[in-house]
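Data file: protein.pdb. Format and content: PDB, C-alpha atoms and all ligand atoms.
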ATOM      1  CA  MET K 205     -50.973 -52.314-197.703
ATOM      2  CA  GLU K 206     -51.418 -53.429-194.130
ATOM      3  CA  SER K 207     -48.304 -55.249-192.925
ATOM      4  CA  ALA K 208     -49.893 -58.013-190.902
ATOM      5  CA  ALA K 209     -47.528 -60.326-189.041
ATOM      6  CA  PRO K 210     -48.772 -63.932-188.942
ATOM      7  CA  VAL K 211     -51.327 -64.270-186.175
ATOM      8  CA  ILE K 212     -52.054 -67.529-184.370
ATOM      9  CA  VAL K 213     -55.507 -67.846-182.822
ATOM     10  CA  ALA K 214     -56.423 -70.807-180.586
ATOM     11  CA  ILE K 215     -60.127 -71.519-180.050
ATOM     12  CA  ASP K 216     -61.007 -74.240-177.543
ATOM     13  CA  GLY K 217     -64.141 -75.415-175.792
ATOM     14  CA  PRO K 218     -66.602 -78.275-175.466
ATOM     15  CA  SER K 219     -68.788 -79.638-178.258
ATOM     16  CA  GLY K 220     -71.488 -77.384-179.692
ATOM     17  CA  THR K 221     -70.113 -74.113-178.309
ATOM     18  CA  GLY K 222     -69.561 -72.828-181.863
ATOM     19  CA  LYS K 223     -65.829 -73.469-182.354
ATOM     20  CA  SER K 224     -65.998 -74.667-185.972
ATOM     21  CA  SER K 225     -68.505 -72.095-187.230
ATOM     22  CA  THR K 226     -66.752 -69.247-185.442
ATOM     23  CA  SER K 227     -63.227 -70.305-186.464
ATOM     24  CA  LYS K 228     -64.144 -70.706-190.138
ATOM     25  CA  ALA K 229     -65.878 -67.335-190.281
ATOM     26  CA  VAL K 230     -63.071 -65.508-188.436
ATOM     27  CA  ALA K 231     -60.419 -67.096-190.671
ATOM     28  CA  ALA K 232     -62.372 -66.245-193.844
ATOM     29  CA  GLN K 233     -62.952 -62.660-192.726
ATOM     30  CA  LEU K 234     -59.301 -62.062-191.779
ATOM     31  CA  GLY K 235     -57.639 -64.012-194.601
ATOM     32  CA  LEU K 236     -56.194 -66.657-192.255
ATOM     33  CA  ARG K 237     -55.908 -70.432-192.644
ATOM     34  CA  TYR K 238     -58.161 -72.692-190.561
ATOM     35  CA  LEU K 239     -57.529 -76.015-188.830
ATOM     36  CA  ASP K 240     -60.217 -78.271-187.337
ATOM     37  CA  THR K 241     -58.248 -80.505-184.945
ATOM     38  CA  GLY K 242     -61.376 -82.422-183.931
ATOM     39  CA  ALA K 243     -61.631 -83.571-187.554
ATOM     40  CA  GLN K 244     -58.096 -85.009-187.257
ATOM     41  CA  TYR K 245     -59.015 -87.011-184.136
ATOM     42  CA  ARG K 246     -62.191 -88.117-185.883
ATOM     43  CA  ALA K 247     -60.146 -89.161-188.950
ATOM     44  CA  ILE K 248     -57.746 -91.349-186.960
ATOM     45  CA  THR K 249     -60.759 -92.826-185.127
ATOM     46  CA  TRP K 250     -62.473 -93.556-188.460
ATOM     47  CA  TRP K 251     -59.285 -95.339-189.637
ATOM     48  CA  MET K 252     -59.153 -97.462-186.437
ATOM     49  CA  VAL K 253     -62.817 -98.479-186.809
ATOM     50  CA  THR K 254     -62.461 -99.201-190.541
ATOM     51  CA  ASN K 255     -59.371-101.327-189.943
ATOM     52  CA  GLY K 256     -60.914-103.401-187.161
ATOM     53  CA  ILE K 257     -58.788-101.981-184.325
ATOM     54  CA  ASP K 258     -60.484-102.472-180.946
ATOM     55  CA  THR K 259     -61.121 -98.892-179.780
ATOM     56  CA  ASP K 260     -61.500-100.133-176.181
ATOM     57  CA  ASP K 261     -57.892-101.345-176.243
ATOM     58  CA  PRO K 262     -55.436 -98.449-175.717
ATOM     59  CA  GLN K 263     -52.442-100.685-176.513
ATOM     60  CA  ALA K 264     -53.886-101.697-179.868
ATOM     61  CA  ILE K 265     -54.652 -98.048-180.637
ATOM     62  CA  ALA K 266     -51.128 -96.978-179.616
ATOM     63  CA  ALA K 267     -49.547 -99.660-181.805
ATOM     64  CA  ALA K 268     -51.540 -98.514-184.855
ATOM     65  CA  ALA K 269     -51.352 -94.746-184.213
ATOM     66  CA  GLY K 270     -48.503 -94.160-186.664
ATOM     67  CA  LYS K 271     -50.087 -95.980-189.606
ATOM     68  CA  PRO K 272     -52.722 -93.722-191.208
ATOM     69  CA  GLU K 273     -51.577 -90.694-193.183
ATOM     70  CA  ILE K 274     -53.856 -87.779-192.326
ATOM     71  CA  VAL K 275     -53.822 -84.666-194.508
ATOM     72  CA  SER K 276     -55.831 -81.602-193.455
ATOM     73  CA  GLY K 277     -56.790 -78.820-195.831
ATOM     74  CA  THR K 278     -56.693 -75.350-194.258
ATOM     75  CA  ASP K 279     -59.026 -73.377-196.532
ATOM     76  CA  PRO K 280     -61.834 -72.078-194.284
ATOM     77  CA  ALA K 281     -64.218 -72.275-197.264
ATOM     78  CA  ASP K 282     -63.403 -75.941-197.929
ATOM     79  CA  PRO K 283     -61.621 -77.662-195.026
ATOM     80  CA  ALA K 284     -61.058 -81.054-196.677
ATOM     81  CA  ILE K 285     -59.553 -83.988-194.774
ATOM     82  CA  THR K 286     -58.131 -87.191-196.211
ATOM     83  CA  VAL K 287     -56.835 -90.432-194.726
ATOM     84  CA  ASP K 288     -54.429 -92.339-196.990
ATOM     85  CA  GLY K 289     -55.735 -90.246-199.878
ATOM     86  CA  VAL K 290     -59.438 -90.949-199.188
ATOM     87  CA  ASP K 291     -61.758 -87.978-198.534
ATOM     88  CA  VAL K 292     -63.322 -88.725-195.131
ATOM     89  CA  SER K 293     -65.172 -85.434-194.528
ATOM     90  CA  GLY K 294     -68.520 -87.287-194.440
ATOM     91  CA  PRO K 295     -67.599 -90.589-192.724
ATOM     92  CA  ILE K 296     -65.878 -88.871-189.758
ATOM     93  CA  ARG K 297     -69.231 -87.357-188.671
ATOM     94  CA  THR K 298     -71.095 -90.650-188.124
ATOM     95  CA  GLN K 299     -72.460 -91.472-184.666
ATOM     96  CA  GLU K 300     -70.141 -94.481-184.489
ATOM     97  CA  VAL K 301     -67.044 -92.289-184.879
ATOM     98  CA  THR K 302     -68.483 -89.672-182.490
ATOM     99  CA  ALA K 303     -69.051 -92.373-179.844
ATOM    100  CA  ARG K 304     -65.462 -93.684-180.110
ATOM    101  CA  VAL K 305     -63.421 -90.533-180.675
ATOM    102  CA  SER K 306     -62.897 -89.720-176.975
ATOM    103  CA  ALA K 307     -61.348 -93.147-176.278
ATOM    104  CA  VAL K 308     -59.026 -92.955-179.290
ATOM    105  CA  SER K 309     -57.999 -89.341-178.660
ATOM    106  CA  ALA K 310     -57.120 -90.115-175.020
ATOM    107  CA  VAL K 311     -54.231 -92.387-176.083
ATOM    108  CA  PRO K 312     -50.900 -90.505-175.649
ATOM    109  CA  GLU K 313     -49.353 -91.955-178.842
ATOM    110  CA  VAL K 314     -52.329 -90.652-180.843
ATOM    111  CA  ARG K 315     -52.048 -87.208-179.256
ATOM    112  CA  ALA K 316     -48.285 -87.002-179.817
ATOM    113  CA  ARG K 317     -48.681 -87.784-183.508
ATOM    114  CA  ILE K 318     -51.613 -85.445-184.120
ATOM    115  CA  THR K 319     -50.068 -82.628-182.057
ATOM    116  CA  GLU K 320     -46.899 -82.753-184.168
ATOM    117  CA  LEU K 321     -49.014 -82.546-187.324
ATOM    118  CA  GLN K 322     -50.943 -79.566-185.921
ATOM    119  CA  ARG K 323     -47.790 -77.655-185.017
ATOM    120  CA  SER K 324     -46.278 -78.146-188.469
ATOM    121  CA  ILE K 325     -49.506 -76.959-190.150
ATOM    122  CA  ALA K 326     -49.619 -73.862-187.929
ATOM    123  CA  ALA K 327     -45.945 -73.082-188.581
ATOM    124  CA  ALA K 328     -46.529 -73.244-192.352
ATOM    125  CA  ALA K 329     -49.397 -70.719-192.340
ATOM    126  CA  GLU K 330     -47.844 -67.622-193.889
ATOM    127  CA  HIS K 331     -50.454 -65.093-192.772
ATOM    128  CA  GLY K 332     -51.569 -66.954-189.681
ATOM    129  CA  ILE K 333     -54.197 -69.496-188.724
ATOM    130  CA  VAL K 334     -57.203 -70.130-186.526
ATOM    131  CA  VAL K 335     -56.831 -73.535-184.846
ATOM    132  CA  GLU K 336     -59.811 -74.976-182.982
ATOM    133  CA  GLY K 337     -59.959 -77.898-180.583
ATOM    134  CA  ARG K 338     -59.713 -78.833-176.920
ATOM    135  CA  ASP K 339     -56.030 -78.380-175.985
ATOM    136  CA  ILE K 340     -54.768 -75.814-178.486
ATOM    137  CA  GLY K 341     -54.218 -72.964-176.023
ATOM    138  CA  THR K 342     -52.882 -75.228-173.264
ATOM    139  CA  THR K 343     -50.690 -77.704-175.139
ATOM    140  CA  VAL K 344     -50.504 -77.495-178.922
ATOM    141  CA  LEU K 345     -49.842 -73.749-179.334
ATOM    142  CA  PRO K 346     -49.192 -72.326-175.850
ATOM    143  CA  ASP K 347     -47.599 -69.233-177.445
ATOM    144  CA  ALA K 348     -50.677 -68.401-179.562
ATOM    145  CA  ASP K 349     -51.253 -64.641-179.989
ATOM    146  CA  LEU K 350     -54.869 -64.955-178.894
ATOM    147  CA  LYS K 351     -56.626 -67.744-176.981
ATOM    148  CA  ILE K 352     -60.397 -68.004-176.823
ATOM    149  CA  PHE K 353     -62.348 -70.482-174.705
ATOM    150  CA  LEU K 354     -65.964 -70.839-175.843
ATOM    151  CA  THR K 355     -68.649 -72.110-173.487
ATOM    152  CA  ALA K 356     -72.453 -72.486-173.654
ATOM    153  CA  SER K 357     -75.093 -74.203-171.532
ATOM    154  CA  ALA K 358     -75.608 -77.931-172.138
ATOM    155  CA  GLU K 359     -79.175 -77.129-173.235
ATOM    156  CA  ALA K 360     -78.062 -74.648-175.899
ATOM    157  CA  ARG K 361     -75.350 -76.984-177.152
ATOM    158  CA  ALA K 362     -77.718 -79.960-177.369
ATOM    159  CA  ALA K 363     -80.342 -77.877-179.181
ATOM    160  CA  ARG K 364     -77.723 -76.746-181.731
ATOM    161  CA  ARG K 365     -76.396 -80.252-182.292
ATOM    162  CA  SER K 366     -79.796 -81.913-182.577
ATOM    163  CA  GLY K 367     -80.769 -79.198-185.048
ATOM    164  CA  GLU K 368     -77.934 -80.496-187.249
ATOM    165  CA  LEU K 369     -78.700 -84.213-186.844
ATOM    166  CA  LYS K 370     -82.168 -84.507-188.349
ATOM    167  CA  GLY K 371     -84.637 -86.207-186.037
ATOM    168  CA  ALA K 372     -82.147 -86.582-183.169
ATOM    169  CA  ASP K 373     -83.665 -86.532-179.702
ATOM    170  CA  VAL K 374     -82.501 -83.435-177.760
ATOM    171  CA  ASN K 375     -82.259 -85.277-174.425
ATOM    172  CA  ALA K 376     -80.213 -88.137-175.884
ATOM    173  CA  THR K 377     -77.967 -85.619-177.670
ATOM    174  CA  ARG K 378     -77.525 -83.686-174.416
ATOM    175  CA  GLU K 379     -76.557 -86.834-172.479
ATOM    176  CA  ALA K 380     -74.088 -87.898-175.192
ATOM    177  CA  LEU K 381     -72.489 -84.412-175.195
ATOM    178  CA  ILE K 382     -72.137 -84.364-171.406
ATOM    179  CA  LYS K 383     -70.568 -87.842-171.449
ATOM    180  CA  ARG K 384     -68.055 -86.860-174.155
ATOM    181  CA  ASP K 385     -67.151 -83.576-172.380
ATOM    182  CA  ALA K 386     -66.538 -85.515-169.153
ATOM    183  CA  ALA K 387     -64.275 -88.015-170.944
ATOM    184  CA  ASP K 388     -62.379 -85.254-172.787
ATOM    185  CA  SER K 389     -61.965 -83.176-169.598
ATOM    186  CA  SER K 390     -60.818 -86.032-167.359
ATOM    187  CA  ARG K 391     -58.258 -87.774-169.566
ATOM    188  CA  LYS K 392     -54.642 -87.665-168.346
ATOM    189  CA  THR K 393     -52.955 -86.338-171.499
ATOM    190  CA  SER K 394     -53.823 -82.734-172.420
ATOM    191  CA  PRO K 395     -57.486 -82.691-171.377
ATOM    192  CA  LEU K 396     -60.083 -80.184-172.536
ATOM    193  CA  ALA K 397     -59.215 -77.115-170.443
ATOM    194  CA  LYS K 398     -59.191 -73.346-170.539
ATOM    195  CA  ALA K 399     -55.685 -71.853-170.667
ATOM    196  CA  ASP K 400     -55.021 -69.342-167.872
ATOM    197  CA  ASP K 401     -54.562 -66.573-170.439
ATOM    198  CA  ALA K 402     -57.596 -67.457-172.598
ATOM    199  CA  VAL K 403     -60.552 -65.092-173.008
ATOM    200  CA  GLU K 404     -63.745 -66.934-172.081
ATOM    201  CA  VAL K 405     -66.815 -66.202-174.213
ATOM    202  CA  ASP K 406     -70.183 -67.652-173.160
ATOM    203  CA  THR K 407     -72.108 -68.094-176.424
ATOM    204  CA  THR K 408     -75.392 -69.286-174.884
ATOM    205  CA  ASP K 409     -77.269 -66.073-175.606
ATOM    206  CA  LEU K 410     -75.172 -64.787-178.498
ATOM    207  CA  THR K 411     -75.820 -65.263-182.202
ATOM    208  CA  LEU K 412     -73.031 -66.745-184.296
ATOM    209  CA  ALA K 413     -72.536 -63.311-185.913
ATOM    210  CA  GLN K 414     -72.035 -61.744-182.470
ATOM    211  CA  VAL K 415     -69.450 -64.364-181.469
ATOM    212  CA  VAL K 416     -67.578 -63.869-184.765
ATOM    213  CA  GLU K 417     -67.578 -60.104-184.315
ATOM    214  CA  CYS K 418     -66.270 -60.450-180.768
ATOM    215  CA  VAL K 419     -63.369 -62.706-181.847
ATOM    216  CA  VAL K 420     -62.514 -60.582-184.924
ATOM    217  CA  THR K 421     -62.339 -57.516-182.674
ATOM    218  CA  LEU K 422     -60.029 -59.319-180.239
ATOM    219  CA  VAL K 423     -57.726 -60.399-183.101
ATOM    220  CA  GLU K 424     -57.643 -56.862-184.494
ATOM    221  CA  GLU K 425     -56.806 -55.453-181.067
ATOM    222  CA  LYS K 426     -53.942 -57.946-180.732
ATOM    223  CA  ARG K 427     -52.649 -57.047-184.174
ATOM    224  CA  ALA K 428     -52.808 -53.335-183.437
ATOM    225  CA  GLY K 429     -50.880 -53.858-180.214
ATOM    226  CA  LYS K 430     -48.082 -55.810-181.877
TER     227      LYS K 430
HETATM  228  N1  LIG C 501     -73.875 -68.579-181.199
HETATM  229  C1  LIG C 501     -74.608 -69.502-181.825
HETATM  230  N2  LIG C 501     -75.951 -69.469-181.770
HETATM  231  C2  LIG C 501     -76.702 -70.401-182.357
HETATM  232  N3  LIG C 501     -76.224 -71.462-183.047
HETATM  233  C3  LIG C 501     -74.906 -71.562-183.157
HETATM  234  C4  LIG C 501     -74.017 -70.606-182.554
HETATM  235  N4  LIG C 501     -72.747 -70.977-182.814
HETATM  236  C5  LIG C 501     -72.838 -72.117-183.536
HETATM  237  N5  LIG C 501     -74.122 -72.470-183.756
HETATM  238  C6  LIG C 501     -74.623 -73.663-184.471
HETATM  239  O1  LIG C 501     -74.429 -74.742-183.562
HETATM  240  C7  LIG C 501     -73.985 -75.893-184.238
HETATM  241  C8  LIG C 501     -72.659 -76.362-183.628
HETATM  242  O2  LIG C 501     -71.669 -75.399-183.902
HETATM  243  P1  LIG C 501     -70.160 -75.796-184.195
HETATM  244  O3  LIG C 501     -69.493 -74.572-184.709
HETATM  245  O4  LIG C 501     -70.073 -77.034-185.011
HETATM  246  O5  LIG C 501     -69.666 -76.109-182.687
HETATM  247  P2  LIG C 501     -68.393 -76.898-182.179
HETATM  248  O6  LIG C 501     -67.361 -76.838-183.251
HETATM  249  O7  LIG C 501     -67.979 -76.170-180.928
HETATM  250  O8  LIG C 501     -68.849 -78.298-181.873
HETATM  251  C9  LIG C 501     -73.891 -75.512-185.710
HETATM  252  O9  LIG C 501     -75.069 -75.949-186.350
HETATM  253  C10 LIG C 501     -73.815 -74.003-185.692
HETATM  254  O10 LIG C 501     -74.374 -73.424-186.846
HETATM  255  N1  LIG C 502     -57.732 -80.687-179.886
HETATM  256  C1  LIG C 502     -58.626 -81.682-179.781
HETATM  257  C2  LIG C 502     -59.774 -81.713-180.603
HETATM  258  C3  LIG C 502     -60.652 -82.756-180.476
HETATM  259  N2  LIG C 502     -60.378 -83.773-179.607
HETATM  260  C4  LIG C 502     -61.229 -84.956-179.493
HETATM  261  C5  LIG C 502     -62.225 -84.869-178.376
HETATM  262  C6  LIG C 502     -63.541 -84.585-179.064
HETATM  263  O1  LIG C 502     -64.638 -85.177-178.392
HETATM  264  C7  LIG C 502     -63.345 -85.204-180.441
HETATM  265  C8  LIG C 502     -64.133 -84.604-181.584
HETATM  266  O2  LIG C 502     -63.887 -83.214-181.639
HETATM  267  P1  LIG C 502     -64.830 -82.258-182.497
HETATM  268  O3  LIG C 502     -64.295 -80.876-182.323
HETATM  269  O4  LIG C 502     -64.984 -82.778-183.885
HETATM  270  O5  LIG C 502     -66.192 -82.436-181.753
HETATM  271  P2  LIG C 502     -67.513 -81.592-181.948
HETATM  272  O6  LIG C 502     -67.645 -81.272-183.406
HETATM  273  O7  LIG C 502     -67.302 -80.359-181.118
HETATM  274  O8  LIG C 502     -68.588 -82.445-181.454
HETATM  275  O9  LIG C 502     -61.946 -85.119-180.703
HETATM  276  C9  LIG C 502     -59.269 -83.703-178.796
HETATM  277  O10 LIG C 502     -59.049 -84.609-177.981
HETATM  278  N3  LIG C 502     -58.403 -82.678-178.901
END

Could you spell out this file's structure in structure tokens?
Ligand SMILES: Nc1ncnc2c1ncn2[C@@H]1O[C@H](COP(=O)(O)OP(=O)(O)O)[C@@H](O)[C@H]1O
Ligand SMILES: Nc1ccn([C@H]2C[C@H](O)[C@@H](COP(=O)(O)OP(=O)(O)O)O2)c(=O)n1
Amino acid sequence: MESAAPVIVAIDGPSGTGKSSTSKAVAAQLGLRYLDTGAQYRAITWWMVTNGIDTDDPQAIAAAAGKPEIVSGTDPADPAITVDGVDVSGPIRTQEVTARVSAVSAVPEVRARITELQRSIAAAAEHGIVVEGRDIGTTVLPDADLKIFLTASAEARAARRSGELKGADVNATREALIKRDAADSSRKTSPLAKADDAVEVDTTDLTLAQVVECVVTLVEEKRAGK
């Protein structure tokens, strides 16, 4: 049997570049765990909204940041997420949560709490894990074995996203994506950024299968070189 040491893969990039689909497929193919860190920031945002916390008030967010208990499943075939025992996989994808998640995730107390959770999940993954987000290669797991930074044109990303949200206007989706990327990239605490040692993959003209193959090959090369 192949003696595979645990491998940690960090996949970062803006919205709609293919992080979730790629990470899930790579993890499933290589028998690794999978963590969607965006879902964790969405879950804490959902909790703030549901509990009437003013998401325009960083102090109120900071004061409440330690309250919800967020549990992330790491099965790439069924990445469940619960808040205080409630399955929030559906509710965290609403437009309301999407519109507020950048403000909530910019608060340092929120990031500190979620980052700690992410590191403990990664450390517990026996065979390794694919972790996707915005600051995984730069901040959460700077010693990851492989770092990938996915990009794609705003047009391609908006077309992909509006294909998911039935009836959504492509131009409005594009503007909302650009606004969220700008907020995520300009915040003070661990902004969306490419790590110096990350491999950049532009997915604009690639199929999902091609992106997956590219990342699987990079992981296998890393493993072989270990
Ligand atoms: N290379 C690709 N070509 C075409 N569509 C893609 C590609 N990668 C992902 N998609 C589709 O784009 C949408 C957004 O992908 P997703 O993986 O959720 O991106 P992210 O996690 O970066 O926001 C999904 O519907 C997905 O199936
Ligand atoms: N590691 C991460 C992951 C996500 N976030 C924040 C910033 C993002 O706009 C939101 C939502 O992330 P998510 O990956 O679910 O967003 P998309 O599915 O790509 O639209 O969470 C973050 O600050 N740090």

| Could you name the residues that touch K:Gly235 at 9 Å or less, counting all atoms listed in the file, but leaving out those on the same chain fewer than 3 positions away, as number ranges by chain? | K: 230-232, 331-333

What residues have any atom no more than 10 Å from ligand LIG 501 (chain C) when counting only C-alpha atoms and all ligand atoms, and can you list them as an mmCIF file with C-alpha atoms, in the coordinates of the input?
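Output saved as selection.cif:
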data_model
loop_
_atom_site.group_PDB
_atom_site.id
_atom_site.type_symbol
_atom_site.label_atom_id
_atom_site.label_comp_id
_atom_site.auth_asym_id
_atom_site.auth_seq_id
_atom_site.Cartn_x
_atom_site.Cartn_y
_atom_site.Cartn_z
ATOM 1 C CA ILE K 215 -60.127 -71.519 -180.050
ATOM 2 C CA ASP K 216 -61.007 -74.240 -177.543
ATOM 3 C CA GLY K 217 -64.141 -75.415 -175.792
ATOM 4 C CA PRO K 218 -66.602 -78.275 -175.466
ATOM 5 C CA SER K 219 -68.788 -79.638 -178.258
ATOM 6 C CA GLY K 220 -71.488 -77.384 -179.692
ATOM 7 C CA THR K 221 -70.113 -74.113 -178.309
ATOM 8 C CA GLY K 222 -69.561 -72.828 -181.863
ATOM 9 C CA LYS K 223 -65.829 -73.469 -182.354
ATOM 10 C CA SER K 224 -65.998 -74.667 -185.972
ATOM 11 C CA SER K 225 -68.505 -72.095 -187.230
ATOM 12 C CA THR K 226 -66.752 -69.247 -185.442
ATOM 13 C CA SER K 227 -63.227 -70.305 -186.464
ATOM 14 C CA LYS K 228 -64.144 -70.706 -190.138
ATOM 15 C CA ALA K 229 -65.878 -67.335 -190.281
ATOM 16 C CA ASP K 240 -60.217 -78.271 -187.337
ATOM 17 C CA THR K 241 -58.248 -80.505 -184.945
ATOM 18 C CA GLY K 242 -61.376 -82.422 -183.931
ATOM 19 C CA ALA K 243 -61.631 -83.571 -187.554
ATOM 20 C CA GLU K 336 -59.811 -74.976 -182.982
ATOM 21 C CA GLY K 337 -59.959 -77.898 -180.583
ATOM 22 C CA ARG K 338 -59.713 -78.833 -176.920
ATOM 23 C CA LEU K 354 -65.964 -70.839 -175.843
ATOM 24 C CA THR K 355 -68.649 -72.110 -173.487
ATOM 25 C CA ALA K 356 -72.453 -72.486 -173.654
ATOM 26 C CA ALA K 360 -78.062 -74.648 -175.899
ATOM 27 C CA ARG K 361 -75.350 -76.984 -177.152
ATOM 28 C CA ALA K 362 -77.718 -79.960 -177.369
ATOM 29 C CA ALA K 363 -80.342 -77.877 -179.181
ATOM 30 C CA ARG K 364 -77.723 -76.746 -181.731
ATOM 31 C CA ARG K 365 -76.396 -80.252 -182.292
ATOM 32 C CA SER K 366 -79.796 -81.913 -182.577
ATOM 33 C CA GLY K 367 -80.769 -79.198 -185.048
ATOM 34 C CA GLU K 368 -77.934 -80.496 -187.249
ATOM 35 C CA LEU K 369 -78.700 -84.213 -186.844
ATOM 36 C CA LEU K 381 -72.489 -84.412 -175.195
ATOM 37 C CA ASP K 406 -70.183 -67.652 -173.160
ATOM 38 C CA THR K 407 -72.108 -68.094 -176.424
ATOM 39 C CA THR K 408 -75.392 -69.286 -174.884
ATOM 40 C CA ASP K 409 -77.269 -66.073 -175.606
ATOM 41 C CA LEU K 410 -75.172 -64.787 -178.498
ATOM 42 C CA THR K 411 -75.820 -65.263 -182.202
ATOM 43 C CA LEU K 412 -73.031 -66.745 -184.296
ATOM 44 C CA ALA K 413 -72.536 -63.311 -185.913
ATOM 45 C CA GLN K 414 -72.035 -61.744 -182.470
ATOM 46 C CA VAL K 415 -69.450 -64.364 -181.469
ATOM 47 C CA VAL K 416 -67.578 -63.869 -184.765
#

Using all atoms of ligand LIG 502 (chain C) that appear in the file, construct an axis-aligned enclosing box with 6 Å of padding on every side and provide its centre coordinates and edge lengths in Å, rounded to one decimal, as JSON.
{"center_x": -63.2, "center_y": -82.8, "center_z": -180.9, "size_x": 22.9, "size_y": 16.8, "size_z": 17.9}

| said: Give me, as a PyMOL selection string, all polymer residues having an atom no more than 8 Å from stretch 272-277 of chain K, counting all atoms listed in the file and skipping those fewer than 5 positions away in the same chain. | reply: chain K and resi 239+244+247-248+251+282-289

| request: Taking the file above as input, evaluate the PyMOL selection byres (((chain K and resi 254-259) around 12) and not hetatm) and report the hits as a PyMOL selection string. | output: chain K and resi 247-253+260-269+271-272+287+292+295-296+300-301+303-311

Writer output for current selection, C-alpha atoms, as a short mmCIF file (atom, residue, chain, number, x, y, z; two decimals), in the coordinates of the input:
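Printed below is result.cif as written:
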data_model
loop_
_atom_site.label_atom_id
_atom_site.label_comp_id
_atom_site.auth_asym_id
_atom_site.auth_seq_id
_atom_site.Cartn_x
_atom_site.Cartn_y
_atom_site.Cartn_z
CA ALA K 247 -60.15 -89.16 -188.95
CA ILE K 248 -57.75 -91.35 -186.96
CA THR K 249 -60.76 -92.83 -185.13
CA TRP K 250 -62.47 -93.56 -188.46
CA TRP K 251 -59.28 -95.34 -189.64
CA MET K 252 -59.15 -97.46 -186.44
CA VAL K 253 -62.82 -98.48 -186.81
CA ASP K 260 -61.50 -100.13 -176.18
CA ASP K 261 -57.89 -101.34 -176.24
CA PRO K 262 -55.44 -98.45 -175.72
CA GLN K 263 -52.44 -100.68 -176.51
CA ALA K 264 -53.89 -101.70 -179.87
CA ILE K 265 -54.65 -98.05 -180.64
CA ALA K 266 -51.13 -96.98 -179.62
CA ALA K 267 -49.55 -99.66 -181.80
CA ALA K 268 -51.54 -98.51 -184.86
CA ALA K 269 -51.35 -94.75 -184.21
CA LYS K 271 -50.09 -95.98 -189.61
CA PRO K 272 -52.72 -93.72 -191.21
CA VAL K 287 -56.84 -90.43 -194.73
CA VAL K 292 -63.32 -88.72 -195.13
CA PRO K 295 -67.60 -90.59 -192.72
CA ILE K 296 -65.88 -88.87 -189.76
CA GLU K 300 -70.14 -94.48 -184.49
CA VAL K 301 -67.04 -92.29 -184.88
CA ALA K 303 -69.05 -92.37 -179.84
CA ARG K 304 -65.46 -93.68 -180.11
CA VAL K 305 -63.42 -90.53 -180.68
CA SER K 306 -62.90 -89.72 -176.98
CA ALA K 307 -61.35 -93.15 -176.28
CA VAL K 308 -59.03 -92.96 -179.29
CA SER K 309 -58.00 -89.34 -178.66
CA ALA K 310 -57.12 -90.12 -175.02
CA VAL K 311 -54.23 -92.39 -176.08
#

| Taking the file as shown, what set of residues would the PyMOL selection byres (((chain K and resi 212) around 8) and not hetatm) give back, as a list of chain:residue names? |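 With the shown file as input, the PyMOL selection byres (((chain K and resi 212) around 8) and not hetatm) matches K:Pro210, K:Val211, K:Val213, K:Ala214, K:Ala326, K:Gly332, K:Ile333, K:Val334, K:Val335, K:Ala348, K:Asp349, K:Leu350.
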
| One-decimal distance in Å that lies between atom C6 of ligand LIG 502 (chain C) and atom CA of K:Lys392 | 14.3 Å

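When all atoms listed in the file are used to measure the gap to K:Ser293, the shortest distance among K:Arg246, K:Arg317, K:Arg323, K:Arg391 belongs to K:Arg246.
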
| message | What's the separation between atom CA of K:Thr377 and atom CA of K:Thr342, in Å to one decimal place? | response |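 Taking atom CA of K:Thr377 as the start and atom CA of K:Thr342 as the end point, the length is 27.5 Å.
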
| query | Which residues match the PyMOL selection byres (((chain K and resi 427) around 10) and not hetatm) in the file above, as a list in words? | reply |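 Evaluating the PyMOL selection byres (((chain K and resi 427) around 10) and not hetatm) on this file yields Ser207, Ala208, Ala209, Pro210, Val211, Asp349, Leu350, Thr421, Leu422, Val423, Glu424, Glu425, Lys426, Ala428, Gly429 and Lys430 of chain K.
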
| atom C7 of ligand LIG 502 (chain C) and atom CA of K:Thr302 are how many Å apart? |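 These atoms are spaced 7.1 Å apart.
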
| request: Name the closest residue to ligand LIG 502 (chain C) among the candidates K:Ala329, K:Leu396, K:Leu236, K:Leu321; distances are taken between atoms, counting all atoms listed in the file. | output: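 Using all atoms listed in the file, the shortest distance to ligand LIG 502 (chain C) belongs to K:Leu396.
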
| field | Nearest to ligand LIG 502 (chain C) by atom-to-atom distance, counting only C-alpha atoms and all ligand atoms, from K:Val419, K:Val314, K:Ile352, K:Ala327 | value |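 Of K:Val419, K:Val314, K:Ile352, K:Ala327, the one nearest ligand LIG 502 (chain C), counting only C-alpha atoms and all ligand atoms, is K:Val314.
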